[in-house]
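**Student:** Have a look at the structure that comes next, please.
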Amino acid sequence: MGPAMPLPRKDPTMDQNPRTRTVAASGRGALDISAIVLLSVLLSAGFILNFTLGNALAITGIKPQFIIAAYSLAILLTRANLAQSVLYGLISAAVIQLSTSVPGLNFVTEVAGALVMALLCRLEVAPAGRSITPFIAGFAATLVSGALFAGLGTVLMGAALVTVTAKIPVVLGTAVFNAIVVQALYTPLKAVLKRS
């Protein structure tokens, strides 16, 4: 009998069990390319919608903030951790600088909103088997961001703090609108990412 032939080694780069491809932020503080691309696409859409549909709806007393909805969806879809969510908030705030009424303030408000989103999206609220976590988290993130912007913006612009009360209906209306957008878009976007 001749010498035994060595068995061929399995190439570790070959995946014998292909899985469904999903977009996820890397486990560390940095973002991977797919997460950055997703955030960029969502922010681009949000920026355009802010200037078009957002301005059109402003006459109703609601000023939709599609940028907040965009980073909220990105955090939900990638299950970003707190450090990654801060990066989402900072990138989003940089985009908002092109249209904000109080330059620089969004670096505080959007980081706060992104952190709220990251914390709440880990909850699973599903009455009757239907998850409403995107709605709750989207509402809270927009409410925190909007309330901070209204309060701090009023102080920075030298207006009386009591005038913030006049902005409460707008902040609440915007939070509800954004929550509906996030809830409505989360499931179809998640399905598209799974198929890609």
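Letters for chains follow the order of the structure tokens (A, B, ...), residue numbers begin at 1 for each chain, and ligand numbers begin at 1 in the order shown.
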As a PyMOL selection string, please: every residue in region 35-184 of chain A that a backbone DSSP assignment puts in helix (DSSP H, G or I).

**Tutor:** chain A and resi 35-60+66-78+82-96+106-120+127-129+133-156+161-184

**Student:** Leaving out Ala80 (chain A) and any residue of its chain fewer than 4 positions from it, which residues lie within 7 Å of it when counting only C-alpha atoms, given as a list in words?

**Tutor:**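 After dropping sequence-adjacent residues, the list is Ala25, Ile75, Gln84, Ser85 and Ala118 of chain A.
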
**Student:** Residues within 10 Å of region 29-41 of chain A, please, as a PDB file with C-alpha atoms, in the first residue's frame. Count only C-alpha atoms; anything in the same chain fewer than 5 positions from it doesn't count.

**Tutor:**
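Final file, result08.pdb:
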ATOM      1  CA  THR A  22     -27.823  42.199   5.154  1.00  0.00           C
ATOM      2  CA  VAL A  23     -26.350  45.601   5.854  1.00  0.00           C
ATOM      3  CA  ALA A  24     -24.951  45.917   9.350  1.00  0.00           C
ATOM      4  CA  GLY A  46     -33.931  63.110   3.230  1.00  0.00           C
ATOM      5  CA  PHE A  47     -32.141  66.271   2.156  1.00  0.00           C
ATOM      6  CA  ALA A  70     -33.049  59.049   7.511  1.00  0.00           C
ATOM      7  CA  TYR A  71     -30.547  58.483  10.302  1.00  0.00           C
ATOM      8  CA  SER A  72     -33.244  56.840  12.431  1.00  0.00           C
ATOM      9  CA  LEU A  73     -33.827  54.311   9.656  1.00  0.00           C
ATOM     10  CA  ALA A  74     -30.087  53.799   9.195  1.00  0.00           C
ATOM     11  CA  ILE A  75     -29.660  53.043  12.905  1.00  0.00           C
ATOM     12  CA  LEU A  77     -31.496  48.832   9.680  1.00  0.00           C
ATOM     13  CA  THR A  78     -27.852  48.430  10.709  1.00  0.00           C
ATOM     14  CA  ALA A  80     -25.793  50.460  15.105  1.00  0.00           C
ATOM     15  CA  ASN A  81     -24.278  50.582  18.570  1.00  0.00           C
ATOM     16  CA  LEU A  82     -24.009  53.822  20.568  1.00  0.00           C
ATOM     17  CA  ALA A  83     -20.622  54.879  19.167  1.00  0.00           C
ATOM     18  CA  GLN A  84     -21.758  54.213  15.592  1.00  0.00           C
ATOM     19  CA  SER A  85     -25.002  56.091  16.231  1.00  0.00           C
ATOM     20  CA  VAL A  86     -23.008  59.116  17.374  1.00  0.00           C
ATOM     21  CA  LEU A  87     -21.185  58.992  14.011  1.00  0.00           C
ATOM     22  CA  TYR A  88     -24.551  58.824  12.215  1.00  0.00           C
ATOM     23  CA  ILE A  91     -22.643  63.044   9.703  1.00  0.00           C
ATOM     24  CA  SER A  92     -26.328  63.978   9.575  1.00  0.00           C
ATOM     25  CA  LEU A 193     -31.710  44.922   1.887  1.00  0.00           C
TER      26      LEU A 193
END

**Student:** With a distance cut-off of 10 Å and only C-alpha atoms, select the neighbouring residues of region 96-98 of chain A, excluding the residue or stretch itself and same-chain residues fewer than 3 positions from it, and output the selection as a ChimeraX atom specification.

**Tutor:** /A:43,47,50,65,67-68,90-93,101-107,110

**Student:** Give the answer as one residue: which of A:Val181, A:Val125, A:Ala112, A:Val164 has the shortest atom-to-atom distance to Leu152 (chain A), using only C-alpha atoms?

**Tutor:**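 Checking each candidate against Leu152 (chain A), we get A:Val164 as the closest.
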
**Student:** In Å, how far is it from CA of Leu115 (chain A) to CA of Ala56 (chain A)?

**Tutor:**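 Spanning CA of Leu115 (chain A) to CA of Ala56 (chain A) is a straight-line distance of 29.2 Å.
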